[in-house]
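target_5.cif follows; it contains mmCIF, C-alpha atoms and all ligand atoms.
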data_run
loop_
_atom_site.group_PDB
_atom_site.id
_atom_site.type_symbol
_atom_site.label_atom_id
_atom_site.label_comp_id
_atom_site.auth_asym_id
_atom_site.auth_seq_id
_atom_site.Cartn_x
_atom_site.Cartn_y
_atom_site.Cartn_z
ATOM 1 C CA MET Q 70 163.856 143.987 -65.114
ATOM 2 C CA GLU Q 71 166.272 146.022 -67.182
ATOM 3 C CA ILE Q 72 166.598 149.795 -67.097
ATOM 4 C CA ASN Q 73 167.735 150.936 -70.524
ATOM 5 C CA ILE Q 74 165.793 154.145 -71.202
ATOM 6 C CA ALA Q 75 167.395 157.453 -70.272
ATOM 7 C CA VAL Q 76 165.568 160.760 -70.356
ATOM 8 C CA VAL Q 77 167.845 163.761 -70.917
ATOM 9 C CA PRO Q 78 166.183 167.140 -70.292
ATOM 10 C CA VAL Q 79 167.830 169.852 -72.408
ATOM 11 C CA ALA Q 80 164.997 172.343 -72.846
ATOM 12 C CA GLY Q 81 165.988 174.971 -70.238
ATOM 13 C CA HIS Q 82 166.750 178.615 -71.061
ATOM 14 C CA GLY Q 83 170.269 178.559 -69.672
ATOM 15 C CA SER Q 84 169.756 182.201 -68.733
ATOM 16 C CA ARG Q 85 172.610 182.161 -66.222
ATOM 17 C CA LEU Q 86 174.981 181.691 -69.161
ATOM 18 C CA LEU Q 87 173.768 184.632 -71.248
ATOM 19 C CA PRO Q 88 174.922 185.942 -73.672
ATOM 20 C CA ALA Q 89 176.686 182.635 -74.572
ATOM 21 C CA THR Q 90 173.319 180.865 -74.661
ATOM 22 C CA LYS Q 91 171.312 183.486 -76.517
ATOM 23 C CA SER Q 92 171.147 181.453 -79.724
ATOM 24 C CA GLN Q 93 172.801 178.166 -78.782
ATOM 25 C CA PRO Q 94 171.880 175.571 -76.160
ATOM 26 C CA LYS Q 95 174.012 175.552 -73.012
ATOM 27 C CA GLU Q 96 174.160 171.764 -73.413
ATOM 28 C CA MET Q 97 176.164 172.309 -76.633
ATOM 29 C CA LEU Q 98 178.842 174.483 -75.012
ATOM 30 C CA PRO Q 99 182.219 172.774 -75.275
ATOM 31 C CA VAL Q 100 184.072 171.495 -72.240
ATOM 32 C CA GLY Q 101 187.537 170.719 -73.562
ATOM 33 C CA ARG Q 102 186.937 169.167 -76.993
ATOM 34 C CA LYS Q 103 183.330 168.023 -76.715
ATOM 35 C CA PRO Q 104 179.958 169.604 -76.082
ATOM 36 C CA VAL Q 105 178.575 168.917 -72.615
ATOM 37 C CA VAL Q 106 175.697 166.766 -73.809
ATOM 38 C CA GLN Q 107 178.050 164.433 -75.710
ATOM 39 C CA TYR Q 108 179.754 163.552 -72.419
ATOM 40 C CA VAL Q 109 176.315 162.850 -70.925
ATOM 41 C CA VAL Q 110 175.367 160.534 -73.781
ATOM 42 C CA GLU Q 111 178.747 158.751 -73.671
ATOM 43 C CA GLU Q 112 178.292 158.121 -69.945
ATOM 44 C CA LEU Q 113 174.811 156.716 -70.575
ATOM 45 C CA THR Q 114 176.080 154.476 -73.400
ATOM 46 C CA ARG Q 115 178.799 153.018 -71.180
ATOM 47 C CA VAL Q 116 176.286 152.092 -68.464
ATOM 48 C CA GLY Q 117 174.085 150.198 -70.904
ATOM 49 C CA MET Q 118 171.345 152.655 -71.877
ATOM 50 C CA GLU Q 119 169.856 151.798 -75.269
ATOM 51 C CA ARG Q 120 167.269 154.503 -75.842
ATOM 52 C CA ILE Q 121 167.812 158.184 -75.161
ATOM 53 C CA LEU Q 122 164.839 160.524 -75.055
ATOM 54 C CA PHE Q 123 165.857 164.176 -75.215
ATOM 55 C CA ILE Q 124 163.353 166.662 -73.847
ATOM 56 C CA THR Q 125 164.110 169.573 -76.149
ATOM 57 C CA GLY Q 126 162.651 172.992 -76.769
ATOM 58 C CA GLN Q 127 163.008 176.056 -78.936
ATOM 59 C CA GLY Q 128 166.516 176.737 -80.209
ATOM 60 C CA LYS Q 129 167.783 173.256 -79.377
ATOM 61 C CA SER Q 130 167.903 171.699 -82.845
ATOM 62 C CA SER Q 131 171.732 171.668 -82.876
ATOM 63 C CA ILE Q 132 171.513 168.866 -80.286
ATOM 64 C CA GLU Q 133 169.554 166.706 -82.746
ATOM 65 C CA ASN Q 134 172.043 167.542 -85.480
ATOM 66 C CA HIS Q 135 174.989 166.683 -83.269
ATOM 67 C CA PHE Q 136 173.862 163.088 -82.746
ATOM 68 C CA ASP Q 137 172.862 162.547 -86.374
ATOM 69 C CA LEU Q 138 175.084 160.780 -88.910
ATOM 70 C CA ASN Q 139 176.755 163.401 -91.069
ATOM 71 C CA HIS Q 140 177.640 161.527 -94.275
ATOM 72 C CA GLU Q 141 178.639 164.692 -96.099
ATOM 73 C CA LEU Q 142 181.221 165.611 -93.458
ATOM 74 C CA ILE Q 143 182.581 162.044 -93.463
ATOM 75 C CA GLU Q 144 182.985 162.218 -97.271
ATOM 76 C CA ILE Q 145 184.728 165.596 -97.108
ATOM 77 C CA LEU Q 146 187.172 164.345 -94.456
ATOM 78 C CA ARG Q 147 187.943 161.279 -96.629
ATOM 79 C CA GLU Q 148 188.337 163.246 -99.841
ATOM 80 C CA THR Q 149 190.612 165.826 -98.251
ATOM 81 C CA GLY Q 150 192.828 163.185 -96.656
ATOM 82 C CA LYS Q 151 191.832 164.064 -93.102
ATOM 83 C CA GLU Q 152 191.074 160.449 -92.216
ATOM 84 C CA ASP Q 153 192.636 160.906 -88.768
ATOM 85 C CA LEU Q 154 189.731 163.191 -87.836
ATOM 86 C CA LEU Q 155 187.130 160.529 -88.638
ATOM 87 C CA ALA Q 156 187.666 158.940 -85.233
ATOM 88 C CA GLU Q 157 186.269 162.143 -83.701
ATOM 89 C CA LEU Q 158 182.912 161.205 -85.219
ATOM 90 C CA ASP Q 159 182.854 157.652 -83.818
ATOM 91 C CA PHE Q 160 180.291 158.717 -81.214
ATOM 92 C CA GLU Q 161 177.769 159.010 -84.075
ATOM 93 C CA ARG Q 162 177.858 155.204 -84.316
ATOM 94 C CA ALA Q 163 177.127 154.456 -80.645
ATOM 95 C CA PRO Q 164 174.618 151.581 -80.328
ATOM 96 C CA LEU Q 165 171.827 153.919 -79.283
ATOM 97 C CA ARG Q 166 168.446 154.989 -80.556
ATOM 98 C CA TYR Q 167 167.642 158.657 -80.133
ATOM 99 C CA PHE Q 168 164.192 160.097 -79.587
ATOM 100 C CA PHE Q 169 163.139 163.711 -79.204
ATOM 101 C CA THR Q 170 160.097 165.387 -77.763
ATOM 102 C CA ARG Q 171 159.524 169.047 -77.106
ATOM 103 C CA GLN Q 172 158.665 170.687 -73.832
ATOM 104 C CA ARG Q 173 156.420 173.326 -75.337
ATOM 105 C CA GLN Q 174 156.296 175.507 -72.241
ATOM 106 C CA LEU Q 175 159.286 175.790 -69.950
ATOM 107 C CA LEU Q 176 157.551 174.905 -66.707
ATOM 108 C CA GLY Q 177 160.532 173.475 -64.870
ATOM 109 C CA LEU Q 178 162.510 170.260 -64.632
ATOM 110 C CA GLY Q 179 159.575 168.290 -63.187
ATOM 111 C CA HIS Q 180 157.446 169.303 -66.143
ATOM 112 C CA ALA Q 181 160.260 168.295 -68.521
ATOM 113 C CA VAL Q 182 160.328 164.803 -66.957
ATOM 114 C CA LEU Q 183 156.537 164.599 -67.227
ATOM 115 C CA CYS Q 184 156.898 165.118 -70.997
ATOM 116 C CA ALA Q 185 158.600 161.679 -71.089
ATOM 117 C CA GLN Q 186 155.520 159.831 -69.822
ATOM 118 C CA PRO Q 187 153.978 158.800 -73.195
ATOM 119 C CA PHE Q 188 157.361 157.397 -74.277
ATOM 120 C CA VAL Q 189 158.380 155.701 -71.034
ATOM 121 C CA GLY Q 190 154.997 154.183 -70.191
ATOM 122 C CA ASP Q 191 155.111 151.794 -67.247
ATOM 123 C CA ARG Q 192 158.869 151.078 -67.231
ATOM 124 C CA PRO Q 193 161.491 152.375 -64.824
ATOM 125 C CA PHE Q 194 163.915 154.841 -66.401
ATOM 126 C CA ALA Q 195 166.964 157.013 -65.766
ATOM 127 C CA VAL Q 196 167.081 160.811 -65.878
ATOM 128 C CA ALA Q 197 170.403 162.539 -66.639
ATOM 129 C CA LEU Q 198 170.504 166.339 -66.761
ATOM 130 C CA GLY Q 199 171.989 167.461 -70.050
ATOM 131 C CA ASP Q 200 174.026 170.243 -68.453
ATOM 132 C CA SER Q 201 176.002 168.142 -65.948
ATOM 133 C CA ILE Q 202 178.976 165.846 -66.501
ATOM 134 C CA ILE Q 203 179.728 163.230 -63.832
ATOM 135 C CA GLY Q 204 183.424 162.451 -63.352
ATOM 136 C CA MET Q 205 186.452 163.572 -65.368
ATOM 137 C CA ASN Q 206 185.665 162.811 -69.012
ATOM 138 C CA ALA Q 207 182.328 161.382 -67.816
ATOM 139 C CA GLN Q 208 184.022 158.210 -66.534
ATOM 140 C CA SER Q 209 181.256 157.423 -64.056
ATOM 141 C CA ASP Q 210 179.133 154.325 -63.732
ATOM 142 C CA VAL Q 211 176.929 155.778 -61.018
ATOM 143 C CA VAL Q 212 173.797 155.289 -63.145
ATOM 144 C CA ARG Q 213 174.569 151.566 -63.402
ATOM 145 C CA ARG Q 214 175.065 151.338 -59.618
ATOM 146 C CA MET Q 215 171.876 153.309 -59.024
ATOM 147 C CA ALA Q 216 169.900 151.034 -61.362
ATOM 148 C CA ALA Q 217 171.255 147.927 -59.578
ATOM 149 C CA SER Q 218 170.233 149.344 -56.175
ATOM 150 C CA PHE Q 219 166.836 150.368 -57.543
ATOM 151 C CA ILE Q 220 166.187 146.753 -58.547
ATOM 152 C CA GLU Q 221 167.711 145.176 -55.424
ATOM 153 C CA LYS Q 222 165.809 147.430 -52.994
ATOM 154 C CA LYS Q 223 162.595 147.398 -55.052
ATOM 155 C CA ALA Q 224 162.807 151.172 -54.782
ATOM 156 C CA ASP Q 225 160.519 153.842 -56.198
ATOM 157 C CA ALA Q 226 163.434 156.155 -56.881
ATOM 158 C CA VAL Q 227 167.204 156.398 -56.458
ATOM 159 C CA VAL Q 228 168.775 159.869 -56.544
ATOM 160 C CA ALA Q 229 172.495 160.695 -56.885
ATOM 161 C CA PHE Q 230 173.992 162.994 -54.249
ATOM 162 C CA GLU Q 231 177.316 164.779 -53.930
ATOM 163 C CA GLU Q 232 178.942 166.244 -50.830
ATOM 164 C CA VAL Q 233 179.225 170.036 -51.125
ATOM 165 C CA PRO Q 234 180.678 172.654 -48.747
ATOM 166 C CA MET Q 235 178.089 173.794 -46.167
ATOM 167 C CA ASP Q 236 178.204 177.361 -47.497
ATOM 168 C CA GLU Q 237 176.896 176.081 -50.873
ATOM 169 C CA VAL Q 238 173.912 174.025 -49.658
ATOM 170 C CA HIS Q 239 171.540 176.961 -50.300
ATOM 171 C CA ARG Q 240 171.922 176.339 -54.069
ATOM 172 C CA TYR Q 241 170.724 172.717 -54.093
ATOM 173 C CA GLY Q 242 168.128 170.161 -53.101
ATOM 174 C CA VAL Q 243 169.664 168.659 -49.961
ATOM 175 C CA ALA Q 244 169.185 165.150 -48.532
ATOM 176 C CA GLN Q 245 167.824 164.345 -45.120
ATOM 177 C CA PRO Q 246 169.094 160.757 -44.887
ATOM 178 C CA LYS Q 247 167.580 158.206 -42.520
ATOM 179 C CA GLU Q 248 171.059 156.788 -41.950
ATOM 180 C CA ARG Q 249 174.561 157.563 -43.251
ATOM 181 C CA GLY Q 250 176.301 155.466 -45.908
ATOM 182 C CA ASP Q 251 176.993 155.343 -49.637
ATOM 183 C CA LEU Q 252 173.407 154.179 -50.154
ATOM 184 C CA PHE Q 253 170.816 155.541 -47.742
ATOM 185 C CA GLU Q 254 167.066 155.812 -47.506
ATOM 186 C CA LEU Q 255 165.778 159.368 -47.706
ATOM 187 C CA ALA Q 256 163.604 160.815 -44.949
ATOM 188 C CA ASP Q 257 163.154 164.041 -46.947
ATOM 189 C CA VAL Q 258 164.763 166.386 -49.464
ATOM 190 C CA ILE Q 259 164.935 170.078 -48.591
ATOM 191 C CA GLU Q 260 165.048 172.503 -51.519
ATOM 192 C CA LYS Q 261 167.727 175.223 -51.192
ATOM 193 C CA PRO Q 262 167.961 175.267 -47.369
ATOM 194 C CA SER Q 263 169.999 177.825 -45.440
ATOM 195 C CA ARG Q 264 173.204 176.529 -43.872
ATOM 196 C CA GLU Q 265 171.406 176.370 -40.504
ATOM 197 C CA GLU Q 266 168.376 174.470 -41.829
ATOM 198 C CA ALA Q 267 170.344 172.008 -43.975
ATOM 199 C CA PRO Q 268 170.009 168.447 -42.649
ATOM 200 C CA SER Q 269 173.244 167.368 -44.416
ATOM 201 C CA ASN Q 270 175.738 168.579 -47.004
ATOM 202 C CA LEU Q 271 174.525 166.069 -49.613
ATOM 203 C CA ALA Q 272 173.276 167.884 -52.725
ATOM 204 C CA ILE Q 273 171.232 166.324 -55.534
ATOM 205 C CA ALA Q 274 173.648 165.562 -58.364
ATOM 206 C CA ALA Q 275 171.870 165.456 -61.747
ATOM 207 C CA ARG Q 276 171.211 161.692 -62.041
ATOM 208 C CA TYR Q 277 168.055 159.795 -61.051
ATOM 209 C CA ILE Q 278 166.351 156.434 -61.500
ATOM 210 C CA PHE Q 279 162.556 156.524 -61.275
ATOM 211 C CA SER Q 280 159.691 154.098 -61.307
ATOM 212 C CA PRO Q 281 156.763 155.364 -63.415
ATOM 213 C CA ALA Q 282 155.117 156.362 -60.095
ATOM 214 C CA ILE Q 283 157.037 159.640 -60.438
ATOM 215 C CA PHE Q 284 154.599 160.709 -63.183
ATOM 216 C CA ASP Q 285 151.644 160.371 -60.840
ATOM 217 C CA ALA Q 286 153.485 162.423 -58.204
ATOM 218 C CA LEU Q 287 154.402 165.079 -60.800
ATOM 219 C CA ASP Q 288 150.755 165.244 -61.842
ATOM 220 C CA ARG Q 289 149.579 165.892 -58.315
ATOM 221 C CA ILE Q 290 152.074 168.443 -56.931
ATOM 222 C CA GLU Q 291 151.237 172.132 -56.899
ATOM 223 C CA PRO Q 292 153.318 174.284 -59.240
ATOM 224 C CA GLY Q 293 155.787 176.468 -57.356
ATOM 225 C CA LYS Q 294 157.392 179.821 -58.184
ATOM 226 C CA GLY Q 295 156.657 180.998 -61.742
ATOM 227 C CA GLY Q 296 154.274 178.064 -62.303
ATOM 228 C CA GLU Q 297 157.241 175.673 -62.363
ATOM 229 C CA ILE Q 298 156.750 172.012 -61.544
ATOM 230 C CA GLN Q 299 159.698 170.992 -59.396
ATOM 231 C CA LEU Q 300 161.093 167.478 -59.605
ATOM 232 C CA THR Q 301 162.190 167.710 -55.964
ATOM 233 C CA ASP Q 302 158.576 168.355 -54.866
ATOM 234 C CA ALA Q 303 157.464 165.159 -56.613
ATOM 235 C CA ILE Q 304 160.254 163.180 -54.930
ATOM 236 C CA ARG Q 305 159.141 164.603 -51.545
ATOM 237 C CA LEU Q 306 155.561 163.571 -52.257
ATOM 238 C CA MET Q 307 156.697 160.022 -53.052
ATOM 239 C CA ILE Q 308 158.573 159.871 -49.733
ATOM 240 C CA LYS Q 309 155.639 161.383 -47.792
ATOM 241 C CA GLU Q 310 153.268 158.784 -49.191
ATOM 242 C CA GLY Q 311 155.518 155.923 -48.099
ATOM 243 C CA GLY Q 312 157.503 155.422 -51.307
ATOM 244 C CA LYS Q 313 160.983 153.924 -50.934
ATOM 245 C CA VAL Q 314 163.379 156.584 -52.132
ATOM 246 C CA TYR Q 315 167.140 156.076 -51.796
ATOM 247 C CA GLY Q 316 170.105 158.355 -52.178
ATOM 248 C CA MET Q 317 173.436 157.216 -53.598
ATOM 249 C CA CYS Q 318 176.631 159.197 -52.994
ATOM 250 C CA LEU Q 319 178.961 159.901 -55.875
ATOM 251 C CA ARG Q 320 182.446 158.522 -55.276
ATOM 252 C CA GLU Q 321 185.317 160.946 -54.778
ATOM 253 C CA ASP Q 322 186.506 160.387 -58.355
ATOM 254 C CA GLU Q 323 183.025 161.151 -59.702
ATOM 255 C CA ARG Q 324 182.672 164.881 -59.172
ATOM 256 C CA ARG Q 325 179.715 166.594 -60.749
ATOM 257 C CA TYR Q 326 180.668 169.254 -63.269
ATOM 258 C CA ASP Q 327 177.678 171.577 -63.489
ATOM 259 C CA ILE Q 328 177.805 173.724 -66.603
ATOM 260 C CA GLY Q 329 174.803 175.837 -65.607
ATOM 261 C CA ASN Q 330 176.739 178.886 -64.381
ATOM 262 C CA PHE Q 331 179.940 180.562 -65.520
ATOM 263 C CA GLU Q 332 181.869 179.886 -62.329
ATOM 264 C CA SER Q 333 181.585 176.117 -62.575
ATOM 265 C CA TYR Q 334 181.607 176.109 -66.399
ATOM 266 C CA PHE Q 335 184.984 177.897 -66.531
ATOM 267 C CA ARG Q 336 186.418 175.562 -63.898
ATOM 268 C CA ALA Q 337 185.175 172.489 -65.741
ATOM 269 C CA PHE Q 338 186.610 173.732 -69.042
ATOM 270 C CA VAL Q 339 190.031 174.372 -67.557
ATOM 271 C CA GLU Q 340 190.108 171.013 -65.745
ATOM 272 C CA PHE Q 341 189.084 169.030 -68.829
ATOM 273 C CA ALA Q 342 191.468 170.953 -71.085
ATOM 274 C CA LEU Q 343 194.339 170.351 -68.640
ATOM 275 C CA ALA Q 344 193.491 166.629 -68.590
ATOM 276 C CA ASP Q 345 193.562 166.448 -72.402
ATOM 277 C CA GLU Q 346 196.290 163.988 -73.447
ATOM 278 C CA LYS Q 347 197.330 165.982 -76.484
ATOM 279 C CA PHE Q 348 196.790 169.614 -75.498
ATOM 280 C CA GLY Q 349 196.868 169.445 -71.672
ATOM 281 C CA PRO Q 350 200.660 169.509 -71.057
ATOM 282 C CA ASP Q 351 201.181 172.648 -73.205
ATOM 283 C CA LEU Q 352 198.222 174.376 -71.612
ATOM 284 C CA HIS Q 353 199.633 173.536 -68.213
ATOM 285 C CA CYS Q 354 202.914 175.300 -69.032
ATOM 286 C CA TYR Q 355 201.062 178.236 -70.538
ATOM 287 C CA LEU Q 356 198.845 178.669 -67.458
ATOM 288 C CA GLU Q 357 201.849 178.456 -65.164
ATOM 289 C CA GLU Q 358 203.606 181.186 -67.144
ATOM 290 C CA LEU Q 359 200.480 183.302 -67.197
ATOM 291 C CA LEU Q 360 199.872 182.973 -63.459
ATOM 292 C CA HIS Q 361 203.531 183.531 -62.697
ATOM 293 C CA ALA Q 362 203.596 186.675 -64.870
ATOM 294 C CA ASN Q 363 200.546 188.056 -63.052
ATOM 295 C CA HIS Q 364 201.698 187.028 -59.546
ATOM 296 C CA PRO Q 365 205.487 186.719 -59.641
HETATM 297 P P1 LIG I 1 168.380 174.405 -64.825
HETATM 298 O O1 LIG I 1 167.747 174.145 -63.522
HETATM 299 O O2 LIG I 1 169.821 174.809 -64.792
HETATM 300 O O3 LIG I 1 167.501 175.485 -65.596
HETATM 301 O O4 LIG I 1 168.217 173.100 -65.718
HETATM 302 P P2 LIG I 1 167.758 176.319 -66.914
HETATM 303 O O5 LIG I 1 166.449 176.964 -67.245
HETATM 304 O O6 LIG I 1 168.356 175.489 -68.001
HETATM 305 O O7 LIG I 1 168.877 177.383 -66.524
HETATM 306 P P3 LIG I 1 168.756 178.899 -65.991
HETATM 307 O O8 LIG I 1 168.271 178.792 -64.574
HETATM 308 O O9 LIG I 1 167.826 179.655 -66.921
HETATM 309 O O10 LIG I 1 170.168 179.403 -66.071
HETATM 310 C C1 LIG I 1 168.797 171.832 -65.458
HETATM 311 C C2 LIG I 1 168.578 170.943 -66.678
HETATM 312 O O11 LIG I 1 167.169 170.748 -66.878
HETATM 313 C C3 LIG I 1 166.756 171.208 -68.149
HETATM 314 C C4 LIG I 1 167.859 172.158 -68.628
HETATM 315 O O12 LIG I 1 167.940 172.186 -70.049
HETATM 316 C C5 LIG I 1 169.110 171.580 -67.968
HETATM 317 O O13 LIG I 1 169.732 170.586 -68.777
HETATM 318 N N1 LIG I 1 165.426 171.883 -68.038
HETATM 319 C C6 LIG I 1 165.214 172.833 -67.088
HETATM 320 C C7 LIG I 1 164.420 171.532 -68.910
HETATM 321 O O14 LIG I 1 164.603 170.644 -69.782
HETATM 322 N N2 LIG I 1 163.202 172.162 -68.807
HETATM 323 C C8 LIG I 1 162.957 173.123 -67.873
HETATM 324 O O15 LIG I 1 161.803 173.666 -67.848
HETATM 325 C C9 LIG I 1 163.987 173.470 -66.995
#

Would you mind writing the file out in structure tokens?
Ligand code: UTP
Amino acid sequence: MEINIAVVPVAGHGSRLLPATKSQPKEMLPVGRKPVVQYVVEELTRVGMERILFITGQGKSSIENHFDLNHELIEILRETGKEDLLAELDFERAPLRYFFTRQRQLLGLGHAVLCAQPFVGDRPFAVALGDSIIGMNAQSDVVRRMAASFIEKKADAVVAFEEVPMDEVHRYGVAQPKERGDLFELADVIEKPSREEAPSNLAIAARYIFSPAIFDALDRIEPGKGGEIQLTDAIRLMIKEGGKVYGMCLREDERRYDIGNFESYFRAFVEFALADEKFGPDLHCYLEELLHANHP
């Protein structure tokens, strides 16, 4: 069994990033030199995904354009002698096939995943949130490791988790592991627990492998706040009904960069820009001067 389909939900409002996201998708905001979703697709290419299904929505057409071949731009760069810039468009030639479907009502991440059912059919598949980069410059193979464990354990789902400080657990779906380790079976997932209620400090980290059984679970859960269908509720239902659901911890060098709010978006931008081979060293000096001038 091979897992080579990745579903990338990109339909969300991105309201926490207003006004930046009023007329452009948050997934197209740049982090360093590239838009967020390009890092996501590059990560998925490296781990062997062959088909990418974007779950899009209103105002998201720039994502389709970004992954299209732009012959006109290539010609202009050639004609104007800017051949050196052509390499920046190499990602257009990745050995991938892109598919797009629209989530016509924004009823939550679970609903977005459900929109993939007619495409995915009865095969296992990966889900990678389009607003989260895993690892500096997306150098993570966690999806490959998760897929291997999914097959080895004959699992129903494998979910990526990242350790977060205890005073941040209230923002995430948090694991209740049956045992501790890099790969663990889940006893439950608690959505946004208080620090006191949290069974661990392991927060869901934007990457999943699912068997098609997730669609059945998504069909049967009750919508939550605002009519939203929560992916975490469907995962809980799978566990409750005896499904084998595993968690996999991100390695230390595989931090999750969540672009969904300004605090983490700004941090991610600065970190990626500082790590840029060409522009990073100058920026480093500039930031040092700036910080020194403000706090001598
Ligand atoms: P978020 O949970 O951050 O939701 O989405 P959001 O609606 O985009 O952001 P806010 O809360 O309004 O600021 C996580 C990922 O899931 C996608 C988003 O596009 C993002 O990549 N998503 C979310 C959907 O595709 N559909 C949805 O209904 C919700």

Using all atoms listed in the file, determine which residues fall within 9 Å of ligand LIG 1 (chain I), then list them as JSON, numbers by chain. {"Q": [77, 78, 79, 80, 81, 82, 83, 84, 85, 86, 87, 94, 95, 96, 106, 123, 124, 125, 126, 172, 174, 175, 176, 177, 178, 179, 180, 181, 182, 197, 198, 199, 200, 201, 275, 297, 298, 327, 328, 329, 330]}

Pro99 (chain Q): which residues within 12 Å, counting all atoms listed in the file, same-chain residues fewer than 4 positions away excluded, as a CSV table (one decimal) with C-alpha atoms, in the frame of the given file?
chain,number,residue,atom,x,y,z
Q,89,ALA,CA,176.7,182.6,-74.6
Q,93,GLN,CA,172.8,178.2,-78.8
Q,94,PRO,CA,171.9,175.6,-76.2
Q,95,LYS,CA,174.0,175.6,-73.0
Q,103,LYS,CA,183.3,168.0,-76.7
Q,104,PRO,CA,180.0,169.6,-76.1
Q,105,VAL,CA,178.6,168.9,-72.6
Q,106,VAL,CA,175.7,166.8,-73.8
Q,107,GLN,CA,178.0,164.4,-75.7
Q,108,TYR,CA,179.8,163.6,-72.4
Q,200,ASP,CA,174.0,170.2,-68.5
Q,202,ILE,CA,179.0,165.8,-66.5
Q,328,ILE,CA,177.8,173.7,-66.6
Q,334,TYR,CA,181.6,176.1,-66.4
Q,335,PHE,CA,185.0,177.9,-66.5
Q,337,ALA,CA,185.2,172.5,-65.7
Q,338,PHE,CA,186.6,173.7,-69.0
Q,339,VAL,CA,190.0,174.4,-67.6
Q,341,PHE,CA,189.1,169.0,-68.8
Q,342,ALA,CA,191.5,171.0,-71.1

With a distance cut-off of 10 Å and only C-alpha atoms, select the neighbouring residues of Ile259 (chain Q), excluding the residue or stretch itself and same-chain residues fewer than 3 positions from it, and output the selection as a PDB file with C-alpha atoms, in the frame of the given file.
ATOM      1  CA  VAL Q 238     173.912 174.025 -49.658  1.00  0.00           C
ATOM      2  CA  HIS Q 239     171.540 176.961 -50.300  1.00  0.00           C
ATOM      3  CA  TYR Q 241     170.724 172.717 -54.093  1.00  0.00           C
ATOM      4  CA  GLY Q 242     168.128 170.161 -53.101  1.00  0.00           C
ATOM      5  CA  VAL Q 243     169.664 168.659 -49.961  1.00  0.00           C
ATOM      6  CA  ALA Q 244     169.185 165.150 -48.532  1.00  0.00           C
ATOM      7  CA  GLN Q 245     167.824 164.345 -45.120  1.00  0.00           C
ATOM      8  CA  PRO Q 262     167.961 175.267 -47.369  1.00  0.00           C
ATOM      9  CA  SER Q 263     169.999 177.825 -45.440  1.00  0.00           C
ATOM     10  CA  GLU Q 266     168.376 174.470 -41.829  1.00  0.00           C
ATOM     11  CA  ALA Q 267     170.344 172.008 -43.975  1.00  0.00           C
ATOM     12  CA  PRO Q 268     170.009 168.447 -42.649  1.00  0.00           C
ATOM     13  CA  SER Q 269     173.244 167.368 -44.416  1.00  0.00           C
ATOM     14  CA  ALA Q 272     173.276 167.884 -52.725  1.00  0.00           C
ATOM     15  CA  THR Q 301     162.190 167.710 -55.964  1.00  0.00           C
ATOM     16  CA  ASP Q 302     158.576 168.355 -54.866  1.00  0.00           C
ATOM     17  CA  ARG Q 305     159.141 164.603 -51.545  1.00  0.00           C
TER      18      ARG Q 305
END

Running the PyMOL selection byres (((chain Q and resi 307) around 12) and not hetatm) on this model by hand, what would come out? Give it as a short mmCIF file (atom, residue, chain, number, x, y, z; two decimals) with C-alpha atoms, keeping the file's coordinate frame.
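Produced file out11.cif, reproduced below:
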data_model
loop_
_atom_site.label_atom_id
_atom_site.label_comp_id
_atom_site.auth_asym_id
_atom_site.auth_seq_id
_atom_site.Cartn_x
_atom_site.Cartn_y
_atom_site.Cartn_z
CA ALA Q 224 162.81 151.17 -54.78
CA ASP Q 225 160.52 153.84 -56.20
CA ALA Q 226 163.43 156.16 -56.88
CA VAL Q 227 167.20 156.40 -56.46
CA LEU Q 255 165.78 159.37 -47.71
CA ALA Q 256 163.60 160.82 -44.95
CA ASP Q 257 163.15 164.04 -46.95
CA VAL Q 258 164.76 166.39 -49.46
CA PHE Q 279 162.56 156.52 -61.28
CA SER Q 280 159.69 154.10 -61.31
CA PRO Q 281 156.76 155.36 -63.42
CA ALA Q 282 155.12 156.36 -60.10
CA ILE Q 283 157.04 159.64 -60.44
CA PHE Q 284 154.60 160.71 -63.18
CA ASP Q 285 151.64 160.37 -60.84
CA ALA Q 286 153.49 162.42 -58.20
CA LEU Q 287 154.40 165.08 -60.80
CA ASP Q 288 150.76 165.24 -61.84
CA ARG Q 289 149.58 165.89 -58.32
CA ILE Q 290 152.07 168.44 -56.93
CA LEU Q 300 161.09 167.48 -59.60
CA THR Q 301 162.19 167.71 -55.96
CA ASP Q 302 158.58 168.36 -54.87
CA ALA Q 303 157.46 165.16 -56.61
CA ILE Q 304 160.25 163.18 -54.93
CA ARG Q 305 159.14 164.60 -51.54
CA LEU Q 306 155.56 163.57 -52.26
CA ILE Q 308 158.57 159.87 -49.73
CA LYS Q 309 155.64 161.38 -47.79
CA GLU Q 310 153.27 158.78 -49.19
CA GLY Q 311 155.52 155.92 -48.10
CA GLY Q 312 157.50 155.42 -51.31
CA LYS Q 313 160.98 153.92 -50.93
CA VAL Q 314 163.38 156.58 -52.13
CA TYR Q 315 167.14 156.08 -51.80
#

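Of the listed residues (Q:Phe168, Q:Ser130, Q:Leu158, Q:Leu360), Q:Leu158 comes nearest to Ile143 (chain Q); the distances count all atoms listed in the file.
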
Pick from Q:Glu254, Q:Glu161, Q:Glu231, Q:Glu119, whichever lies nearest to Gly316 (chain Q) using only C-alpha atoms: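 Once distances to Gly316 (chain Q) are computed over only C-alpha atoms, the minimum belongs to Q:Glu254.
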
State, in Å with one decimal place, the distance from CA of Ile273 (chain Q) to CA of Arg213 (chain Q). 17.1 Å

Name all residues at most 10 Å from Asp236 (chain Q) (count all atoms listed in the file; drop same-chain ones fewer than 6 positions away) and give them as an MDAnalysis selection string. chainID Q and resid 263:265 270

So how far away is CA of Ile72 (chain Q) from CA of Leu271 (chain Q), in Å?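 Calculated distance between CA of Leu271 (chain Q) and CA of Ile72 (chain Q) is 25.2 Å.
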
Nearest candidate to Glu248 (chain Q) (options Q:Leu359, Q:Met317, Q:Ala217, Q:Ile278; using all atoms listed in the file):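 Of Q:Leu359, Q:Met317, Q:Ala217, Q:Ile278, the one nearest Glu248 (chain Q) is Q:Met317, counting all atoms listed in the file.
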